[in-house]
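Structure data follow from entry_16.cif (mmCIF, C-alpha atoms, pLDDT in the B column; chains and numbers go by the auth columns):
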```cif
data_structure
loop_
_atom_site.group_PDB
_atom_site.id
_atom_site.type_symbol
_atom_site.label_atom_id
_atom_site.label_comp_id
_atom_site.label_asym_id
_atom_site.label_seq_id
_atom_site.Cartn_x
_atom_site.Cartn_y
_atom_site.Cartn_z
_atom_site.B_iso_or_equiv
_atom_site.auth_seq_id
_atom_site.auth_asym_id
ATOM 1 C CA MET A 1 -32.520 -13.073 -48.561 53.00 1 A
ATOM 2 C CA ALA A 2 -30.471 -15.877 -47.038 53.00 2 A
ATOM 3 C CA SER A 3 -27.302 -13.832 -47.386 54.00 3 A
ATOM 4 C CA THR A 4 -28.857 -10.938 -45.463 55.00 4 A
ATOM 5 C CA THR A 5 -29.941 -13.250 -42.653 53.00 5 A
ATOM 6 C CA GLY A 6 -26.461 -14.813 -42.590 53.00 6 A
ATOM 7 C CA LYS A 7 -24.840 -11.367 -42.274 54.00 7 A
ATOM 8 C CA ALA A 8 -27.253 -10.418 -39.455 51.00 8 A
ATOM 9 C CA ALA A 9 -26.466 -13.641 -37.614 51.00 9 A
ATOM 10 C CA ALA A 10 -22.717 -13.046 -38.047 51.00 10 A
ATOM 11 C CA VAL A 11 -23.036 -9.492 -36.744 51.00 11 A
ATOM 12 C CA SER A 12 -25.207 -10.712 -33.875 50.00 12 A
ATOM 13 C CA GLY A 13 -22.624 -13.420 -33.057 51.00 13 A
ATOM 14 C CA LYS A 14 -19.855 -10.791 -32.931 53.00 14 A
ATOM 15 C CA ALA A 15 -21.989 -8.658 -30.623 51.00 15 A
ATOM 16 C CA VAL A 16 -22.521 -11.614 -28.281 51.00 16 A
ATOM 17 C CA THR A 17 -18.769 -12.385 -28.321 56.00 17 A
ATOM 18 C CA LEU A 18 -17.952 -8.750 -27.606 62.00 18 A
ATOM 19 C CA ASP A 19 -20.480 -8.634 -24.746 76.00 19 A
ATOM 20 C CA VAL A 20 -19.005 -11.793 -23.185 75.00 20 A
ATOM 21 C CA ARG A 21 -15.468 -10.338 -23.417 76.00 21 A
ATOM 22 C CA THR A 22 -16.620 -7.077 -21.864 77.00 22 A
ATOM 23 C CA LEU A 23 -18.425 -8.951 -19.094 72.00 23 A
ATOM 24 C CA LEU A 24 -15.338 -11.095 -18.357 74.00 24 A
ATOM 25 C CA ALA A 25 -13.077 -8.025 -18.329 73.00 25 A
ATOM 26 C CA CYS A 26 -15.438 -6.249 -15.920 67.00 26 A
ATOM 27 C CA LEU A 27 -15.602 -9.293 -13.655 68.00 27 A
ATOM 28 C CA ALA A 28 -11.800 -9.582 -13.615 67.00 28 A
ATOM 29 C CA PHE A 29 -11.455 -5.870 -12.845 65.00 29 A
ATOM 30 C CA PHE A 30 -13.941 -6.017 -9.977 65.00 30 A
ATOM 31 C CA ALA A 31 -12.363 -9.202 -8.588 64.00 31 A
ATOM 32 C CA LEU A 32 -8.966 -7.490 -8.490 58.00 32 A
ATOM 33 C CA ALA A 33 -10.412 -4.286 -7.087 56.00 33 A
ATOM 34 C CA ALA A 34 -12.303 -6.158 -4.382 57.00 34 A
ATOM 35 C CA SER A 35 -9.368 -8.349 -3.375 62.00 35 A
ATOM 36 C CA GLU A 36 -7.736 -7.533 -0.065 65.00 36 A
ATOM 37 C CA PRO A 37 -4.473 -5.582 -0.283 66.00 37 A
ATOM 38 C CA GLN A 38 -1.320 -7.413 0.767 73.00 38 A
ATOM 39 C CA ASN A 39 -0.366 -7.020 4.402 76.00 39 A
ATOM 40 C CA SER A 40 2.882 -7.735 6.206 77.00 40 A
ATOM 41 C CA SER A 41 1.802 -11.228 7.311 80.00 41 A
ATOM 42 C CA ASN A 42 0.748 -12.253 3.802 80.00 42 A
ATOM 43 C CA LEU A 43 3.958 -10.978 2.252 77.00 43 A
ATOM 44 C CA ARG A 44 6.142 -12.661 4.903 80.00 44 A
ATOM 45 C CA ALA A 45 4.272 -15.960 4.436 83.00 45 A
ATOM 46 C CA ARG A 46 4.819 -15.807 0.693 82.00 46 A
ATOM 47 C CA TYR A 47 8.350 -14.359 0.458 84.00 47 A
ATOM 48 C CA GLY A 48 9.994 -14.829 3.870 81.00 48 A
ATOM 49 C CA GLN A 49 11.533 -12.223 6.126 83.00 49 A
ATOM 50 C CA PRO A 50 12.192 -8.794 4.572 80.00 50 A
ATOM 51 C CA ASP A 51 15.725 -7.563 3.990 81.00 51 A
ATOM 52 C CA VAL A 52 14.612 -3.928 4.417 86.00 52 A
ATOM 53 C CA GLU A 53 11.998 -2.370 6.716 88.00 53 A
ATOM 54 C CA ARG A 54 10.969 1.182 7.577 90.00 54 A
ATOM 55 C CA PHE A 55 9.680 2.233 10.991 91.00 55 A
ATOM 56 C CA ALA A 56 8.155 5.476 12.263 91.00 56 A
ATOM 57 C CA ILE A 57 10.290 6.515 15.246 91.00 57 A
ATOM 58 C CA ARG A 58 8.552 9.884 15.516 91.00 58 A
ATOM 59 C CA PRO A 59 5.424 11.087 13.717 89.00 59 A
ATOM 60 C CA ASP A 60 7.541 12.814 11.073 90.00 60 A
ATOM 61 C CA ILE A 61 10.793 10.811 11.248 93.00 61 A
ATOM 62 C CA THR A 62 11.550 7.267 10.088 93.00 62 A
ATOM 63 C CA VAL A 63 14.341 4.744 10.444 94.00 63 A
ATOM 64 C CA THR A 64 14.940 2.322 7.599 93.00 64 A
ATOM 65 C CA ALA A 65 16.860 -0.860 8.391 93.00 65 A
ATOM 66 C CA GLN A 66 18.639 -3.062 5.883 93.00 66 A
ATOM 67 C CA TYR A 67 19.439 -6.508 7.248 92.00 67 A
ATOM 68 C CA GLY A 68 22.292 -8.940 6.691 91.00 68 A
ATOM 69 C CA HIS A 69 22.076 -12.680 6.090 87.00 69 A
ATOM 70 C CA ASP A 70 21.693 -13.243 9.824 88.00 70 A
ATOM 71 C CA GLY A 71 18.601 -11.012 10.020 87.00 71 A
ATOM 72 C CA LYS A 72 20.382 -8.314 12.048 90.00 72 A
ATOM 73 C CA ALA A 73 20.715 -4.690 10.952 93.00 73 A
ATOM 74 C CA CYS A 74 23.599 -3.689 8.692 94.00 74 A
ATOM 75 C CA ILE A 75 22.494 -0.199 7.663 94.00 75 A
ATOM 76 C CA LEU A 76 20.180 2.235 9.431 95.00 76 A
ATOM 77 C CA LEU A 77 18.889 5.421 7.815 94.00 77 A
ATOM 78 C CA ILE A 78 17.282 8.026 10.058 94.00 78 A
ATOM 79 C CA GLU A 79 15.534 10.767 8.099 92.00 79 A
ATOM 80 C CA PRO A 80 12.438 12.934 7.909 89.00 80 A
ATOM 81 C CA ARG A 81 9.442 11.034 6.540 84.00 81 A
ATOM 82 C CA GLN A 82 9.285 11.190 2.771 76.00 82 A
ATOM 83 C CA ALA A 83 7.492 9.421 -0.018 67.00 83 A
ATOM 84 C CA PHE A 84 8.482 5.760 -0.307 66.00 84 A
ATOM 85 C CA VAL A 85 9.223 6.143 -4.005 64.00 85 A
ATOM 86 C CA HIS A 86 11.225 9.283 -4.621 59.00 86 A
ATOM 87 C CA SER A 87 13.887 10.491 -6.967 56.00 87 A
ATOM 88 C CA PHE A 88 17.460 10.965 -5.748 57.00 88 A
ATOM 89 C CA TYR A 89 17.374 14.403 -7.330 57.00 89 A
ATOM 90 C CA GLU A 90 14.029 15.303 -5.817 58.00 90 A
ATOM 91 C CA LYS A 91 14.375 18.237 -3.472 58.00 91 A
ATOM 92 C CA ARG A 92 13.923 17.092 0.099 56.00 92 A
ATOM 93 C CA GLN A 93 11.135 18.926 1.818 64.00 93 A
ATOM 94 C CA SER A 94 12.386 18.783 5.381 83.00 94 A
ATOM 95 C CA THR A 95 15.338 18.253 7.672 87.00 95 A
ATOM 96 C CA ILE A 96 15.795 17.612 11.370 88.00 96 A
ATOM 97 C CA SER A 97 17.972 19.547 13.772 89.00 97 A
ATOM 98 C CA LYS A 98 21.412 18.195 14.656 89.00 98 A
ATOM 99 C CA ASP A 99 20.281 17.860 18.301 91.00 99 A
ATOM 100 C CA VAL A 100 17.298 15.699 17.322 92.00 100 A
ATOM 101 C CA ALA A 101 19.511 13.685 14.940 93.00 101 A
ATOM 102 C CA LEU A 102 21.977 12.978 17.762 93.00 102 A
ATOM 103 C CA GLU A 103 19.137 12.038 20.136 95.00 103 A
ATOM 104 C CA LEU A 104 17.696 9.573 17.599 94.00 104 A
ATOM 105 C CA LEU A 105 21.153 8.189 16.832 94.00 105 A
ATOM 106 C CA ASP A 106 21.690 7.530 20.557 94.00 106 A
ATOM 107 C CA GLU A 107 18.299 5.820 20.675 93.00 107 A
ATOM 108 C CA ALA A 108 18.963 3.625 17.622 93.00 108 A
ATOM 109 C CA VAL A 109 22.606 2.806 18.396 93.00 109 A
ATOM 110 C CA PRO A 110 23.549 3.755 21.953 94.00 110 A
ATOM 111 C CA PRO A 111 27.110 5.091 22.372 93.00 111 A
ATOM 112 C CA ALA A 112 28.194 1.909 24.226 93.00 112 A
ATOM 113 C CA THR A 113 27.393 -0.230 21.139 93.00 113 A
ATOM 114 C CA ARG A 114 29.451 1.948 18.768 92.00 114 A
ATOM 115 C CA GLY A 115 32.804 1.106 20.305 91.00 115 A
ATOM 116 C CA LYS A 116 35.806 3.362 20.507 93.00 116 A
ATOM 117 C CA LEU A 117 35.883 6.454 18.275 90.00 117 A
ATOM 118 C CA LEU A 118 38.587 5.814 15.683 92.00 118 A
ATOM 119 C CA LEU A 119 38.261 8.880 13.480 83.00 119 A
ATOM 120 C CA GLY A 120 36.388 12.035 14.444 78.00 120 A
ATOM 121 C CA SER A 121 34.474 14.391 12.244 78.00 121 A
ATOM 122 C CA VAL A 122 35.578 14.315 8.630 74.00 122 A
ATOM 123 C CA THR A 123 33.526 16.835 6.669 73.00 123 A
ATOM 124 C CA ALA A 124 33.185 17.482 2.957 73.00 124 A
ATOM 125 C CA GLN A 125 30.876 20.068 1.417 69.00 125 A
ATOM 126 C CA THR A 126 29.683 20.388 -2.136 73.00 126 A
ATOM 127 C CA GLY A 127 27.109 22.990 -3.085 76.00 127 A
ATOM 128 C CA CYS A 128 24.256 22.890 -0.606 79.00 128 A
ATOM 129 C CA THR A 129 25.182 19.504 0.856 84.00 129 A
ATOM 130 C CA ALA A 130 27.750 18.594 3.496 84.00 130 A
ATOM 131 C CA PHE A 131 28.821 15.099 4.522 89.00 131 A
ATOM 132 C CA GLU A 132 30.082 14.557 8.066 89.00 132 A
ATOM 133 C CA THR A 133 31.401 11.129 9.039 92.00 133 A
ATOM 134 C CA TYR A 134 32.628 9.421 12.200 93.00 134 A
ATOM 135 C CA SER A 135 34.329 6.047 12.330 94.00 135 A
ATOM 136 C CA TYR A 136 33.888 3.822 15.399 93.00 136 A
ATOM 137 C CA GLU A 137 35.106 0.303 16.149 94.00 137 A
ATOM 138 C CA ASN A 138 31.705 -1.243 15.368 93.00 138 A
ATOM 139 C CA MET A 139 30.202 1.181 12.851 94.00 139 A
ATOM 140 C CA ASN A 140 30.543 4.240 10.671 95.00 140 A
ATOM 141 C CA VAL A 141 28.094 7.094 11.198 95.00 141 A
ATOM 142 C CA GLY A 142 27.415 9.721 8.568 93.00 142 A
ATOM 143 C CA PHE A 143 25.336 12.878 8.634 91.00 143 A
ATOM 144 C CA ILE A 144 24.106 14.455 5.417 88.00 144 A
ATOM 145 C CA HIS A 145 23.422 18.140 5.992 86.00 145 A
ATOM 146 C CA SER A 146 21.324 20.155 3.581 82.00 146 A
ATOM 147 C CA PHE A 147 22.093 23.848 3.747 75.00 147 A
ATOM 148 C CA CYS A 148 19.758 24.801 0.894 74.00 148 A
ATOM 149 C CA ILE A 149 16.625 23.762 2.752 66.00 149 A
ATOM 150 C CA LYS A 150 17.546 24.862 6.257 66.00 150 A
ATOM 151 C CA PRO A 151 21.039 25.904 7.355 70.00 151 A
ATOM 152 C CA GLY A 152 22.564 23.129 9.437 70.00 152 A
ATOM 153 C CA GLY A 153 19.575 20.823 9.008 86.00 153 A
ATOM 154 C CA VAL A 154 20.223 17.088 8.854 88.00 154 A
ATOM 155 C CA ALA A 155 18.595 15.356 5.903 88.00 155 A
ATOM 156 C CA THR A 156 19.863 11.843 6.732 89.00 156 A
ATOM 157 C CA VAL A 157 21.825 9.999 9.393 93.00 157 A
ATOM 158 C CA GLN A 158 23.327 6.788 8.017 94.00 158 A
ATOM 159 C CA VAL A 159 24.791 4.075 10.234 96.00 159 A
ATOM 160 C CA ASN A 160 26.828 1.309 8.585 95.00 160 A
ATOM 161 C CA LEU A 161 27.570 -1.503 11.006 94.00 161 A
ATOM 162 C CA LYS A 162 30.933 -3.235 10.710 94.00 162 A
ATOM 163 C CA ARG A 163 29.930 -6.892 10.819 90.00 163 A
ATOM 164 C CA THR A 164 31.086 -9.725 8.547 89.00 164 A
ATOM 165 C CA GLU A 165 27.426 -10.570 7.816 87.00 165 A
ATOM 166 C CA CYS A 166 27.073 -7.085 6.303 87.00 166 A
ATOM 167 C CA ASP A 167 30.104 -7.266 4.001 75.00 167 A
ATOM 168 C CA SER A 168 28.257 -9.080 1.229 58.00 168 A
ATOM 169 C CA GLY A 169 25.164 -6.851 1.313 47.00 169 A
ATOM 170 C CA SER A 170 21.631 -7.794 2.205 44.00 170 A
ATOM 171 C CA LYS A 171 20.259 -11.319 2.222 46.00 171 A
#
```
What does this structure look like when you write it as structure tokens?
Amino acid sequence: MASTTGKAAAVSGKAVTLDVRTLLACLAFFALAASEPQNSSNLRARYGQPDVERFAIRPDITVTAQYGHDGKACILLIEPRQAFVHSFYEKRQSTISKDVALELLDEAVPPATRGKLLLGSVTAQTGCTAFETYSYENMNVGFIHSFCIKPGGVATVQVNLKRTECDSGSK
């Protein structure tokens, strides 16, 4: 009879251990679920200033800035809003008109800040995509056109500033 009682106690001990583990796992899950999500202030306090930021410049258009070691912009990307995490091969869902792209470019980097135009429109097309670039004294500006989605639509405007702080990439 003692062996039966010993087995029951061992099984009961395992059940108590299992219940404690389950309780601890549930408490950990709820503590994580209830914790406040990270915000910009918390992340900056922990990790410092960001080297990349994205801003909504229109309800459906964003500008992403990559900064140099001095905290000033090195690359600007103006494009229709899209998912933050996306595949390079993922079909873009929208474009902006060339007129709107030029308006936003003038807003982000006014013509006076670009410097003298060194090389006008150089265009290359492959399949549904065309690349149009302009070289200025202080920056290079590129337009990526997507003819598959909307003829003549601009998928991205990329501005690469010509500054020594940008030569070695982001901070």
Quiz item: What is the distance between CA of Val52 in chain A and CA of Phe143 in chain A, in Å to one decimal?
Solution: 20.4 Å
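Atom pair CA of Gln66 in chain A / CA of Gln158 in chain A: separated by 11.1 Å.
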Quiz item: Which of these, A:Leu104, A:Ala155, A:Ala65, A:Ala130, has the shortest distance to Pro80 in chain A once you count only C-alpha atoms?
Solution: A:Ala155
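The two atoms in question, CA of Ala108 in chain A and CA of Ile61 in chain A, are spaced 12.6 Å apart.
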Using all atoms of range 132-146 of chain A listed in the file and a margin of 4 Å per side, can you give the axis-aligned box centre and edge lengths in Å to one decimal, as lines of an AutoDock Vina configuration file?
```
center_x = 28.2
center_y = 9.5
center_z = 9.9
size_x = 21.8
size_y = 29.4
size_z = 20.6
```
Practice problem: Could you tell me which residues the PyMOL selection byres ((chain A and resi 63) around 6) returns for this structure, as a count of residues only? | Solution: 6
Exercise. Could you list the residues chosen by the PyMOL selection byres ((chain A and resi 95) around 12) in this structure as a VMD selection string?
Key: chain A and resid 60 to 62 78 to 82 91 to 94 96 to 101 143 to 157
Would you put the residues from that selection into a file with C-alpha atoms, as a JSON list (two decimals), in the frame of the given file?
```json
[["chain", "number", "residue", "atom", "x", "y", "z"],
["A", 60, "ASP", "CA", 7.54, 12.81, 11.07],
["A", 61, "ILE", "CA", 10.79, 10.81, 11.25],
["A", 62, "THR", "CA", 11.55, 7.27, 10.09],
["A", 78, "ILE", "CA", 17.28, 8.03, 10.06],
["A", 79, "GLU", "CA", 15.53, 10.77, 8.10],
["A", 80, "PRO", "CA", 12.44, 12.93, 7.91],
["A", 81, "ARG", "CA", 9.44, 11.03, 6.54],
["A", 82, "GLN", "CA", 9.28, 11.19, 2.77],
["A", 91, "LYS", "CA", 14.38, 18.24, -3.47],
["A", 92, "ARG", "CA", 13.92, 17.09, 0.10],
["A", 93, "GLN", "CA", 11.14, 18.93, 1.82],
["A", 94, "SER", "CA", 12.39, 18.78, 5.38],
["A", 96, "ILE", "CA", 15.80, 17.61, 11.37],
["A", 97, "SER", "CA", 17.97, 19.55, 13.77],
["A", 98, "LYS", "CA", 21.41, 18.20, 14.66],
["A", 99, "ASP", "CA", 20.28, 17.86, 18.30],
["A", 100, "VAL", "CA", 17.30, 15.70, 17.32],
["A", 101, "ALA", "CA", 19.51, 13.68, 14.94],
["A", 143, "PHE", "CA", 25.34, 12.88, 8.63],
["A", 144, "ILE", "CA", 24.11, 14.46, 5.42],
["A", 145, "HIS", "CA", 23.42, 18.14, 5.99],
["A", 146, "SER", "CA", 21.32, 20.16, 3.58],
["A", 147, "PHE", "CA", 22.09, 23.85, 3.75],
["A", 148, "CYS", "CA", 19.76, 24.80, 0.89],
["A", 149, "ILE", "CA", 16.62, 23.76, 2.75],
["A", 150, "LYS", "CA", 17.55, 24.86, 6.26],
["A", 151, "PRO", "CA", 21.04, 25.90, 7.36],
["A", 152, "GLY", "CA", 22.56, 23.13, 9.44],
["A", 153, "GLY", "CA", 19.58, 20.82, 9.01],
["A", 154, "VAL", "CA", 20.22, 17.09, 8.85],
["A", 155, "ALA", "CA", 18.60, 15.36, 5.90],
["A", 156, "THR", "CA", 19.86, 11.84, 6.73],
["A", 157, "VAL", "CA", 21.82, 10.00, 9.39]]
```
Self-check item: Residue members of the PyMOL selection byres ((chain A and resi 121) around 8) in the file shown, as a PyMOL selection string
Solution: chain A and resi 119-120+122-123+132-134
